[in-house]
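Source file model-v5.csv; content: CSV, C-alpha atoms (C1' of nucleotides).
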chain,number,residue,atom,x,y,z
A,4,MET,CA,53.2,-45.9,32.6
A,5,SER,CA,56.2,-47.7,34.1
A,6,ALA,CA,57.4,-50.5,36.5
A,7,HIS,CA,55.0,-53.5,36.7
A,8,GLN,CA,53.6,-54.1,40.2
A,9,PRO,CA,54.9,-57.3,41.8
A,10,LYS,CA,52.5,-60.2,42.1
A,11,ALA,CA,51.8,-59.5,45.8
A,12,ARG,CA,51.8,-63.2,46.7
A,13,GLY,CA,51.4,-64.0,50.3
A,14,SER,CA,49.4,-60.8,51.1
A,15,ARG,CA,45.7,-60.9,51.8
A,16,ALA,CA,45.1,-61.2,48.0
A,17,GLU,CA,44.9,-65.0,48.1
A,18,ALA,CA,41.0,-65.3,48.2
A,19,LYS,CA,39.8,-65.8,44.6
A,20,PRO,CA,41.2,-68.3,42.0
A,21,ALA,CA,44.6,-66.5,42.1
A,22,LEU,CA,44.6,-63.0,40.8
A,23,LEU,CA,46.0,-62.2,37.3
A,24,ASP,CA,48.7,-59.8,36.6
A,25,ILE,CA,47.4,-57.6,33.7
A,26,SER,CA,49.8,-54.8,34.3
A,27,PRO,CA,51.8,-55.5,31.1
A,28,LEU,CA,48.6,-54.6,29.3
A,29,THR,CA,47.4,-51.7,31.4
A,30,ASP,CA,50.8,-50.1,31.0
A,31,LEU,CA,49.8,-49.5,27.4
A,32,LEU,CA,47.5,-46.5,26.9
A,33,SER,CA,46.5,-48.0,23.6
A,34,PHE,CA,45.2,-51.1,25.3
A,35,HIS,CA,43.1,-49.0,27.7
A,36,MET,CA,41.6,-47.1,24.9
A,37,ARG,CA,40.7,-50.3,23.0
A,38,MET,CA,39.0,-51.9,25.9
A,39,LEU,CA,37.1,-48.8,26.6
A,40,VAL,CA,35.9,-48.5,23.0
A,41,LEU,CA,34.7,-52.1,23.2
A,42,ALA,CA,32.6,-51.1,26.2
A,43,VAL,CA,31.4,-47.9,24.5
A,44,ASN,CA,30.4,-49.8,21.4
A,45,ARG,CA,28.4,-52.3,23.5
A,46,ALA,CA,26.6,-49.3,25.1
A,47,TYR,CA,25.8,-48.0,21.6
A,48,ASP,CA,24.4,-51.4,20.5
A,49,GLU,CA,22.1,-51.4,23.5
A,50,ALA,CA,20.9,-47.8,23.0
A,51,PHE,CA,20.3,-48.1,19.3
A,52,ALA,CA,19.1,-51.7,19.1
A,53,PRO,CA,15.4,-50.6,18.7
A,54,THR,CA,16.3,-48.1,16.0
A,55,PRO,CA,17.1,-48.3,12.3
A,56,LEU,CA,20.7,-47.3,13.2
A,57,ALA,CA,21.5,-50.6,15.0
A,58,GLY,CA,24.6,-52.5,14.1
A,59,GLY,CA,27.7,-50.3,14.0
A,60,THR,CA,28.0,-46.5,14.6
A,61,GLY,CA,28.6,-45.7,10.9
A,62,LYS,CA,24.9,-45.2,10.2
A,63,LEU,CA,24.4,-42.7,13.0
A,64,THR,CA,27.5,-40.7,12.3
A,65,THR,CA,26.7,-40.6,8.6
A,66,LEU,CA,23.2,-39.3,9.3
A,67,MET,CA,24.5,-36.7,11.7
A,68,LEU,CA,27.1,-35.5,9.1
A,69,ILE,CA,24.4,-35.2,6.4
A,70,ALA,CA,22.1,-33.3,8.8
A,71,ALA,CA,24.8,-30.8,9.6
A,72,ASN,CA,26.2,-30.5,6.0
A,73,PRO,CA,23.4,-31.2,3.4
A,74,GLY,CA,24.8,-32.0,0.0
A,75,MET,CA,27.9,-34.0,1.1
A,76,SER,CA,29.0,-36.8,-1.2
A,77,GLN,CA,29.6,-40.3,-0.1
A,78,SER,CA,33.4,-39.8,-0.4
A,79,ASP,CA,33.3,-36.7,1.7
A,80,ILE,CA,31.7,-38.6,4.5
A,81,GLY,CA,34.1,-41.5,4.1
A,82,ARG,CA,37.1,-39.1,4.5
A,83,VAL,CA,35.7,-37.8,7.8
A,84,LEU,CA,34.8,-41.2,9.2
A,85,SER,CA,37.8,-43.0,7.8
A,86,LYS,CA,35.7,-45.3,5.7
A,87,ASP,CA,36.4,-46.3,2.1
A,88,ARG,CA,33.9,-45.9,-0.7
A,89,PRO,CA,32.5,-49.5,-0.7
A,90,ALA,CA,31.7,-49.1,3.0
A,91,MET,CA,29.9,-45.8,2.3
A,92,VAL,CA,27.8,-47.4,-0.4
A,93,ARG,CA,26.5,-50.0,2.0
A,94,ILE,CA,25.7,-47.4,4.7
A,95,ILE,CA,23.9,-45.0,2.3
A,96,ASP,CA,22.0,-48.0,0.8
A,97,HIS,CA,20.8,-48.8,4.3
A,98,LEU,CA,19.8,-45.2,5.2
A,99,GLU,CA,18.1,-44.9,1.8
A,100,ALA,CA,16.2,-48.1,2.3
A,101,GLU,CA,15.1,-46.7,5.7
A,102,LYS,CA,13.8,-43.6,3.9
A,103,LEU,CA,16.1,-41.4,6.0
A,104,VAL,CA,18.4,-40.2,3.3
A,105,LEU,CA,18.1,-39.3,-0.4
A,106,ARG,CA,20.7,-39.5,-3.2
A,107,LYS,CA,20.3,-36.5,-5.4
A,108,ARG,CA,22.3,-36.1,-8.6
A,109,HIS,CA,24.7,-33.2,-8.4
A,110,PRO,CA,23.6,-30.9,-11.3
A,111,GLU,CA,27.1,-29.9,-12.5
A,112,GLU,CA,29.3,-32.7,-11.2
A,113,ARG,CA,27.2,-35.7,-12.3
A,114,ARG,CA,29.5,-38.3,-10.9
A,115,ARG,CA,28.7,-37.5,-7.3
A,116,TYR,CA,25.5,-37.5,-5.3
A,117,GLU,CA,24.3,-34.7,-3.0
A,118,LEU,CA,23.1,-36.5,0.1
A,119,VAL,CA,20.2,-34.9,1.9
A,120,LEU,CA,17.8,-36.0,4.6
A,121,THR,CA,14.2,-36.9,3.7
A,122,ALA,CA,11.4,-35.3,5.7
A,123,GLN,CA,11.4,-38.4,7.8
A,124,GLY,CA,15.1,-38.2,8.2
A,125,ARG,CA,14.9,-34.7,9.4
A,126,ALA,CA,12.3,-35.7,11.9
A,127,SER,CA,14.2,-38.7,13.1
A,128,VAL,CA,17.6,-37.2,13.4
A,129,LYS,CA,16.7,-35.1,16.4
A,130,ARG,CA,15.5,-38.2,18.3
A,131,PHE,CA,18.7,-40.1,17.3
A,132,MET,CA,20.9,-37.3,18.4
A,133,ALA,CA,19.1,-37.2,21.8
A,134,ILE,CA,19.7,-40.9,22.2
A,135,ALA,CA,23.3,-40.5,21.2
A,136,GLN,CA,23.8,-37.7,23.7
A,137,THR,CA,22.1,-39.6,26.5
A,138,TYR,CA,24.1,-42.8,25.9
A,139,ASP,CA,27.4,-40.8,25.7
A,140,GLU,CA,26.7,-38.9,28.9
A,141,THR,CA,25.6,-42.0,30.7
A,142,PHE,CA,28.8,-43.9,29.7
A,143,PHE,CA,31.1,-41.1,30.9
A,144,ALA,CA,29.1,-40.3,34.0
A,145,PRO,CA,31.7,-42.0,36.3
A,146,LEU,CA,34.0,-39.1,35.4
A,147,SER,CA,33.9,-35.7,37.1
A,148,ASP,CA,33.2,-32.6,34.9
A,149,ARG,CA,36.9,-31.7,35.2
A,150,GLU,CA,37.9,-35.2,34.0
A,151,LYS,CA,35.5,-35.0,31.1
A,152,THR,CA,36.9,-31.7,30.1
A,153,ASN,CA,40.4,-33.0,30.4
A,154,LEU,CA,39.6,-36.1,28.4
A,155,SER,CA,37.9,-34.1,25.7
A,156,ARG,CA,40.9,-31.8,25.4
A,157,ILE,CA,43.4,-34.6,25.3
A,158,LEU,CA,41.4,-36.6,22.7
A,159,ARG,CA,41.0,-33.5,20.5
A,160,LYS,CA,44.8,-32.9,20.6
A,161,LEU,CA,45.4,-36.4,19.5
A,162,ARG,CA,42.8,-36.3,16.8
A,163,LEU,CA,44.3,-33.1,15.4
A,164,ALA,CA,47.7,-34.8,15.4
A,165,TYR,CA,46.6,-37.8,13.4
A,166,GLN,CA,43.7,-36.5,11.4
A,167,SER,CA,44.7,-33.0,10.6
A,168,ASP,CA,43.3,-33.8,7.1
A,169,THR,CA,41.0,-31.7,5.1
A,170,LEU,CA,38.4,-32.1,7.8
A,171,GLY,CA,37.1,-28.9,9.0
A,172,MET,CA,35.9,-27.2,12.1
A,173,GLY,CA,34.0,-28.0,15.2
A,174,GLY,CA,35.1,-29.9,18.3
B,3,MET,CA,31.1,-30.8,25.5
B,4,SER,CA,28.2,-28.4,24.5
B,5,ALA,CA,26.9,-25.8,22.0
B,6,HIS,CA,27.9,-26.4,18.4
B,7,GLN,CA,30.0,-23.7,16.8
B,8,PRO,CA,28.2,-21.8,14.1
B,9,LYS,CA,29.3,-22.4,10.5
B,10,ALA,CA,31.5,-19.3,10.5
B,11,ARG,CA,30.4,-18.5,6.9
B,12,GLY,CA,31.7,-15.3,5.5
B,13,SER,CA,34.9,-15.3,7.6
B,14,ARG,CA,38.3,-16.1,6.2
B,15,ALA,CA,37.3,-19.8,6.2
B,16,GLU,CA,36.1,-19.8,2.6
B,17,ALA,CA,39.3,-21.2,1.1
B,18,LYS,CA,39.0,-24.9,0.5
B,19,PRO,CA,36.0,-26.8,-0.9
B,20,ALA,CA,33.7,-25.5,1.9
B,21,LEU,CA,34.6,-26.7,5.4
B,22,LEU,CA,32.5,-29.3,7.0
B,23,ASP,CA,30.8,-29.0,10.4
B,24,ILE,CA,31.7,-32.1,12.4
B,25,SER,CA,30.9,-30.6,15.7
B,26,PRO,CA,27.8,-32.8,16.2
B,27,LEU,CA,30.3,-35.7,16.2
B,28,THR,CA,33.1,-34.2,18.2
B,29,ASP,CA,30.7,-33.2,21.0
B,30,LEU,CA,30.5,-36.9,21.7
B,31,LEU,CA,33.4,-38.3,23.7
B,32,SER,CA,32.6,-41.8,22.4
B,33,PHE,CA,33.1,-40.6,18.8
B,34,HIS,CA,36.5,-39.2,19.7
B,35,MET,CA,37.6,-42.4,21.3
B,36,ARG,CA,36.4,-44.5,18.4
B,37,MET,CA,38.3,-42.5,15.9
B,38,LEU,CA,41.5,-42.6,18.0
B,39,VAL,CA,41.3,-46.3,18.4
B,40,LEU,CA,41.0,-46.6,14.6
B,41,ALA,CA,44.2,-44.7,14.3
B,42,VAL,CA,45.9,-46.6,17.1
B,43,ASN,CA,44.9,-49.9,15.5
B,44,ARG,CA,46.5,-48.7,12.2
B,45,ALA,CA,49.7,-48.0,14.1
B,46,TYR,CA,49.6,-51.5,15.5
B,47,ASP,CA,49.1,-53.0,12.1
B,48,GLU,CA,52.2,-51.1,10.8
B,49,ALA,CA,54.3,-52.0,13.8
B,50,PHE,CA,53.5,-55.7,13.9
B,51,ALA,CA,53.1,-56.4,10.2
B,52,PRO,CA,56.5,-58.1,9.9
B,53,THR,CA,55.8,-60.3,13.0
B,54,PRO,CA,53.7,-63.4,13.6
B,55,LEU,CA,51.4,-61.2,15.6
B,56,ALA,CA,50.0,-59.2,12.7
B,57,GLY,CA,46.3,-58.9,12.1
B,58,GLY,CA,44.5,-57.8,15.2
B,59,THR,CA,45.9,-57.1,18.7
B,60,GLY,CA,44.4,-60.2,20.2
B,61,LYS,CA,47.5,-62.3,19.5
B,62,LEU,CA,49.8,-59.9,21.2
B,63,THR,CA,47.7,-59.3,24.3
B,64,THR,CA,47.1,-63.1,24.7
B,65,LEU,CA,50.9,-63.7,24.5
B,66,MET,CA,51.6,-61.0,27.0
B,67,LEU,CA,49.0,-62.4,29.4
B,68,ILE,CA,50.4,-65.9,29.2
B,69,ALA,CA,53.9,-64.6,29.7
B,70,ALA,CA,52.9,-62.8,32.9
B,71,ASN,CA,50.6,-65.6,34.1
B,72,PRO,CA,51.8,-69.0,33.0
B,73,GLY,CA,49.1,-71.7,33.2
B,74,MET,CA,46.1,-69.5,32.3
B,75,SER,CA,43.3,-71.2,30.5
B,76,GLN,CA,41.7,-70.0,27.2
B,77,SER,CA,38.6,-68.9,29.1
B,78,ASP,CA,40.7,-67.0,31.6
B,79,ILE,CA,42.2,-65.0,28.9
B,80,GLY,CA,38.9,-64.5,27.1
B,81,ARG,CA,37.4,-63.0,30.3
B,82,VAL,CA,40.3,-60.5,30.6
B,83,LEU,CA,40.2,-59.5,26.9
B,84,SER,CA,36.4,-59.6,26.5
B,85,LYS,CA,36.7,-62.4,23.9
B,86,ASP,CA,34.4,-65.5,23.8
B,87,ARG,CA,35.7,-69.1,23.7
B,88,PRO,CA,35.6,-69.6,19.9
B,89,ALA,CA,37.7,-66.4,19.4
B,90,MET,CA,40.2,-67.7,21.9
B,91,VAL,CA,40.5,-71.1,20.1
B,92,ARG,CA,41.4,-69.3,16.9
B,93,ILE,CA,44.0,-67.1,18.6
B,94,ILE,CA,45.7,-70.0,20.5
B,95,ASP,CA,45.6,-72.2,17.3
B,96,HIS,CA,47.6,-69.4,15.6
B,97,LEU,CA,50.1,-68.9,18.4
B,98,GLU,CA,50.6,-72.6,18.7
B,99,ALA,CA,51.1,-72.9,14.9
B,100,GLU,CA,53.7,-70.2,15.3
B,101,LYS,CA,55.4,-72.3,18.0
B,102,LEU,CA,55.0,-69.5,20.6
B,103,VAL,CA,52.5,-71.1,22.9
B,104,LEU,CA,51.9,-74.7,24.1
B,105,ARG,CA,48.7,-76.3,25.3
B,106,LYS,CA,49.5,-78.5,28.3
B,107,ARG,CA,46.8,-80.6,29.8
B,108,HIS,CA,45.9,-79.6,33.3
B,109,PRO,CA,46.7,-82.6,35.5
B,110,GLU,CA,43.6,-82.4,37.9
B,111,GLU,CA,41.2,-80.3,35.8
B,112,ARG,CA,41.4,-82.2,32.6
B,113,ARG,CA,38.9,-80.0,30.8
B,114,ARG,CA,41.2,-77.0,30.6
B,115,TYR,CA,44.6,-76.4,29.2
B,116,GLU,CA,47.5,-74.7,30.9
B,117,LEU,CA,48.8,-72.3,28.4
B,118,VAL,CA,52.6,-71.7,28.6
B,119,LEU,CA,55.2,-70.1,26.4
B,120,THR,CA,57.6,-72.3,24.4
B,121,ALA,CA,61.3,-71.5,24.6
B,122,GLN,CA,60.8,-69.6,21.3
B,123,GLY,CA,57.8,-67.8,22.8
B,124,ARG,CA,59.8,-66.7,25.8
B,125,ALA,CA,62.6,-65.4,23.6
B,126,SER,CA,60.2,-63.6,21.3
B,127,VAL,CA,57.9,-62.0,23.8
B,128,LYS,CA,60.6,-59.6,25.0
B,129,ARG,CA,61.0,-58.3,21.5
B,130,PHE,CA,57.2,-58.0,20.9
B,131,MET,CA,56.8,-56.1,24.2
B,132,ALA,CA,59.5,-53.7,23.1
B,133,ILE,CA,57.8,-53.2,19.8
B,134,ALA,CA,54.5,-52.7,21.6
B,135,GLN,CA,56.0,-50.1,24.0
B,136,THR,CA,57.6,-48.2,21.2
B,137,TYR,CA,54.5,-48.0,19.1
B,138,ASP,CA,52.4,-47.0,22.1
B,139,GLU,CA,54.9,-44.3,23.2
B,140,THR,CA,55.2,-43.0,19.6
B,141,PHE,CA,51.5,-42.8,19.2
B,142,PHE,CA,50.9,-40.8,22.3
B,143,ALA,CA,54.0,-38.7,21.9
B,144,PRO,CA,52.0,-35.6,20.9
B,145,LEU,CA,50.8,-35.5,24.6
B,146,SER,CA,52.8,-33.9,27.4
B,147,ASP,CA,53.8,-36.1,30.4
B,148,ARG,CA,51.1,-34.5,32.4
B,149,GLU,CA,48.4,-35.2,29.8
B,150,LYS,CA,49.6,-38.8,29.5
B,151,THR,CA,49.3,-39.3,33.2
B,152,ASN,CA,45.8,-37.6,33.2
B,153,LEU,CA,44.7,-39.8,30.3
B,154,SER,CA,45.9,-43.0,32.0
B,155,ARG,CA,44.2,-42.1,35.3
B,156,ILE,CA,40.9,-41.3,33.5
B,157,LEU,CA,40.9,-44.4,31.4
B,158,ARG,CA,41.7,-46.5,34.4
B,159,LYS,CA,38.8,-45.0,36.3
B,160,LEU,CA,36.4,-45.8,33.4
B,161,ARG,CA,37.8,-49.4,33.1
B,162,LEU,CA,37.2,-50.0,36.7
B,163,ALA,CA,33.7,-48.7,36.4
B,164,TYR,CA,32.8,-51.0,33.5
B,165,GLN,CA,35.1,-54.0,33.9
B,166,SER,CA,35.3,-54.4,37.7
B,167,ASP,CA,35.1,-58.1,36.9
B,168,THR,CA,37.2,-60.8,38.4
B,169,LEU,CA,40.2,-59.2,36.7
B,170,GLY,CA,43.0,-58.6,39.0
B,171,MET,CA,45.7,-56.1,39.7
B,172,GLY,CA,48.1,-54.0,37.9
B,173,GLY,CA,47.5,-50.8,36.0
C,26,DT,C1',23.6,-79.8,35.5
C,27,DA,C1',27.6,-76.7,34.5
C,28,DT,C1',32.1,-75.8,32.3
C,29,DT,C1',36.2,-76.1,28.8
C,30,DG,C1',37.3,-76.5,24.5
C,31,DT,C1',35.7,-77.3,19.8
C,32,DT,C1',33.2,-76.9,15.4
C,33,DA,C1',30.0,-74.7,12.4
C,34,DT,C1',27.4,-70.8,11.0
C,35,DA,C1',26.4,-66.1,10.1
C,36,DC,C1',26.7,-61.3,10.2
C,37,DT,C1',29.5,-57.2,10.3
C,38,DC,C1',33.5,-54.6,9.2
C,39,DT,C1',37.5,-53.9,6.5
C,40,DA,C1',40.4,-54.1,2.3
C,41,DT,C1',41.2,-54.8,-2.6
C,42,DA,C1',40.5,-54.9,-7.2
C,43,DA,C1',37.8,-54.1,-11.2
C,44,DC,C1',34.1,-52.0,-13.5
C,45,DT,C1',30.8,-47.7,-15.2
C,46,DA,C1',30.1,-43.1,-15.9
C,47,DT,C1',31.6,-39.1,-15.8
C,48,DA,C1',35.3,-35.3,-15.9
D,16,DT,C1',44.2,-39.8,-16.7
D,17,DA,C1',41.7,-39.2,-12.7
D,18,DT,C1',37.5,-39.3,-9.7
D,19,DA,C1',32.6,-41.0,-7.7
D,20,DG,C1',30.0,-44.6,-7.2
D,21,DT,C1',29.3,-49.5,-7.7
D,22,DT,C1',30.0,-54.6,-7.5
D,23,DA,C1',32.4,-58.7,-6.0
D,24,DT,C1',35.4,-61.0,-3.1
D,25,DA,C1',38.1,-62.2,0.7
D,26,DG,C1',39.7,-61.6,5.5
D,27,DA,C1',39.2,-60.6,10.4
D,28,DG,C1',36.1,-59.9,14.4
D,29,DT,C1',32.1,-61.0,16.7
D,30,DA,C1',28.0,-63.8,18.2
D,31,DT,C1',25.2,-67.9,18.5
D,32,DA,C1',24.2,-72.6,18.9
D,33,DA,C1',25.5,-77.2,19.4
D,34,DC,C1',28.6,-80.9,20.5
D,35,DA,C1',32.2,-84.0,23.3
D,36,DA,C1',34.8,-84.6,27.3
D,37,DT,C1',35.0,-83.7,31.9
D,38,DA,C1',33.5,-82.1,36.5
Take the structure from the file and write it as structure tokens.
Amino acid sequence: MSAHQPKARGSRAEAKPALLDISPLTDLLSFHMRMLVLAVNRAYDEAFAPTPLAGGTGKLTTLMLIAANPGMSQSDIGRVLSKDRPAMVRIIDHLEAEKLVLRKRHPEERRRYELVLTAQGRASVKRFMAIAQTYDETFFAPLSDREKTNLSRILRKLRLAYQSDTLGMGG
Amino acid sequence: MSAHQPKARGSRAEAKPALLDISPLTDLLSFHMRMLVLAVNRAYDEAFAPTPLAGGTGKLTTLMLIAANPGMSQSDIGRVLSKDRPAMVRIIDHLEAEKLVLRKRHPEERRRYELVLTAQGRASVKRFMAIAQTYDETFFAPLSDREKTNLSRILRKLRLAYQSDTLGMGG
DNA sequence: TATTGTTATACTCTATAACTATA
DNA sequence: TATAGTTATAGAGTATAACAATA
């Protein structure tokens, strides 16, 4: 959070091809978070490669939202996930092609769809959520329980500060 | 970290267009981190829009690395930032076009470049680092000092677990 | 044979505008 | 006029393969 460490030249650190000073970067919390998300996304890609939810986390999170809140519209989901309407069209197209999600016309509000899981979607989502939980727990396994609780509380506080939107409950 | 909250129907929560249950997502630390990085990237775009480092953080981080470690090669930087060689070519092309960075041929190892700042680059990098620090501090301002220290320590622990590469020191 | 930088290609994600149909 | 969904387009990020120059 402050003063960069000196380059430690001359010490016993002269083994490898000259160590790099990355402290200007690691002093920034935002840099830390970005690098970690890169790694966590790689872990996601590995865990979900053999599933129809490969290639970006948007398909999984959309499916989980529909499972927990049947009847959501595409725009509703976009607001939660910070995705615009064109992005949601593509995701729902994919999930529909995979026969996991169904677009039902809203009876009164005929502009929007009510998104619901198909029977296959309901059956699959349990498996997907188990994969998600395993990959998430595995990734954060290097942390102690106390650190995980702290991290969760801190991230939640930041989320509420920047996303206090219409969202809702949970977390 | 566990048990989803019930939908709390019937309580005083029936005001807005029916609250959404996002707890399946917020139970995942990885989801929290991804959403926060989305927000932090938006903050970056705003802060650096009027500079030649707009459009992605790679240009700033590359510049800061060269400033702290003159003579780095493109591949060196790519290893630190988890970017492949084609990505680094594009970034250095941009920084060179902006007259911030210079490709110098390495005298002995004539395959690689020694990347150094131009006079203009050295003058600008101080300003850019000040902008970076301000935007970073502003973004994490909702946290107490203790929380920031905790977050930094936790993120560092995870980084070391997943990126124990050849990196170096600092942080 | 391996490595640095380069080019080309492709696929994803993101952002914007414009169109339709509904309200 | 405003909103939900759609389409088209362009930009940035990422991943791959292949190439030239060098080691």
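Near chain B, within 8 Å and counting only C-alpha atoms (C1' of nucleotides), the residues of chain D are DA27, DA36, DT37 and DA38 of chain D.
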- Message: Show me, as a PyMOL selection string, every residue of chain C with an atom at most 9 Å from chain A, counting all atoms listed in the file.
- Response: chain C and resi 37-40+46-48
Just to be explicit: take each residue in the selection above, keep C-alpha atoms (C1' of nucleotides), and write the result as an mmCIF file, in the coordinates of the input.
data_model
loop_
_atom_site.group_PDB
_atom_site.id
_atom_site.type_symbol
_atom_site.label_atom_id
_atom_site.label_comp_id
_atom_site.auth_asym_id
_atom_site.auth_seq_id
_atom_site.Cartn_x
_atom_site.Cartn_y
_atom_site.Cartn_z
ATOM 1 C "C1'" DT C 37 29.500 -57.200 10.300
ATOM 2 C "C1'" DC C 38 33.500 -54.600 9.200
ATOM 3 C "C1'" DT C 39 37.500 -53.900 6.500
ATOM 4 C "C1'" DA C 40 40.400 -54.100 2.300
ATOM 5 C "C1'" DA C 46 30.100 -43.100 -15.900
ATOM 6 C "C1'" DT C 47 31.600 -39.100 -15.800
ATOM 7 C "C1'" DA C 48 35.300 -35.300 -15.900
#
- Message: Can you work out which residues from chain B touch chain A at a cut-off of 8 Å (counting only C-alpha atoms) and hand them back as an MDAnalysis selection string?
- Response: chainID B and resid 3 6:7 21:32 34:39 41:42 63 66:67 70:71 83 135 138 142 144:145 149 151:154 156:161 163:164 169:173
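Here atom CA of B:Gly73 and atom C1' of D:DT31 stand 28.3 Å from one another.
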- Show which residues sit within 12 Å of C:DT32, as number ranges by chain. Count all atoms listed in the file, and ignore same-chain residues fewer than 3 positions away. B: 87-88, 91-92; D: 32-35
Export of the given selection (C-alpha atoms (C1' of nucleotides)) as an mmCIF file, in the coordinates of the input:
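Result file follows (result.cif):
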data_model
loop_
_atom_site.group_PDB
_atom_site.id
_atom_site.type_symbol
_atom_site.label_atom_id
_atom_site.label_comp_id
_atom_site.auth_asym_id
_atom_site.auth_seq_id
_atom_site.Cartn_x
_atom_site.Cartn_y
_atom_site.Cartn_z
ATOM 1 C CA ARG B 87 35.700 -69.100 23.700
ATOM 2 C CA PRO B 88 35.600 -69.600 19.900
ATOM 3 C CA VAL B 91 40.500 -71.100 20.100
ATOM 4 C CA ARG B 92 41.400 -69.300 16.900
ATOM 5 C "C1'" DA D 32 24.200 -72.600 18.900
ATOM 6 C "C1'" DA D 33 25.500 -77.200 19.400
ATOM 7 C "C1'" DC D 34 28.600 -80.900 20.500
ATOM 8 C "C1'" DA D 35 32.200 -84.000 23.300
#
Within 12 Å of D:DA23, counting only C-alpha atoms (C1' of nucleotides), which residues show up once you throw out same-chain ones fewer than 4 positions away? Write them as a compact mmCIF listing (two decimals) with C-alpha atoms (C1' of nucleotides), keeping the file's coordinate frame, please.
# COMPACT_ATOMS: atom_id res chain seq x y z
CA PRO A 89 32.50 -49.50 -0.70
C1' DT C 41 41.20 -54.80 -2.60
C1' DA C 42 40.50 -54.90 -7.20
C1' DA C 43 37.80 -54.10 -11.20
C1' DC C 44 34.10 -52.00 -13.50
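Going from atom CA of B:Arg148 over to atom CA of B:Arg44, you cover 25.1 Å.
You will find atom CA of A:Ser76 at 25.0 Å from atom CA of A:Phe51.
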Polymer residues at most 10 Å from A:Leu66, all atoms listed in the file, same-chain spacing of 5 or more positions, as a PDB file with C-alpha atoms, keeping the file's coordinate frame:
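The resulting file, result.pdb, is reproduced below:
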ATOM      1  CA  LEU A  56      20.700 -47.300  13.200  1.00  0.00           C
ATOM      2  CA  GLY A  61      28.600 -45.700  10.900  1.00  0.00           C
ATOM      3  CA  ALA A  71      24.800 -30.800   9.600  1.00  0.00           C
ATOM      4  CA  ASN A  72      26.200 -30.500   6.000  1.00  0.00           C
ATOM      5  CA  ILE A  80      31.700 -38.600   4.500  1.00  0.00           C
ATOM      6  CA  ILE A  94      25.700 -47.400   4.700  1.00  0.00           C
ATOM      7  CA  ILE A  95      23.900 -45.000   2.300  1.00  0.00           C
ATOM      8  CA  LEU A  98      19.800 -45.200   5.200  1.00  0.00           C
ATOM      9  CA  LEU A 103      16.100 -41.400   6.000  1.00  0.00           C
ATOM     10  CA  VAL A 104      18.400 -40.200   3.300  1.00  0.00           C
ATOM     11  CA  LEU A 118      23.100 -36.500   0.100  1.00  0.00           C
ATOM     12  CA  VAL A 119      20.200 -34.900   1.900  1.00  0.00           C
ATOM     13  CA  LEU A 120      17.800 -36.000   4.600  1.00  0.00           C
ATOM     14  CA  GLY A 124      15.100 -38.200   8.200  1.00  0.00           C
ATOM     15  CA  ARG A 125      14.900 -34.700   9.400  1.00  0.00           C
ATOM     16  CA  SER A 127      14.200 -38.700  13.100  1.00  0.00           C
ATOM     17  CA  VAL A 128      17.600 -37.200  13.400  1.00  0.00           C
ATOM     18  CA  PHE A 131      18.700 -40.100  17.300  1.00  0.00           C
ATOM     19  CA  MET A 132      20.900 -37.300  18.400  1.00  0.00           C
TER      20      MET A 132
END
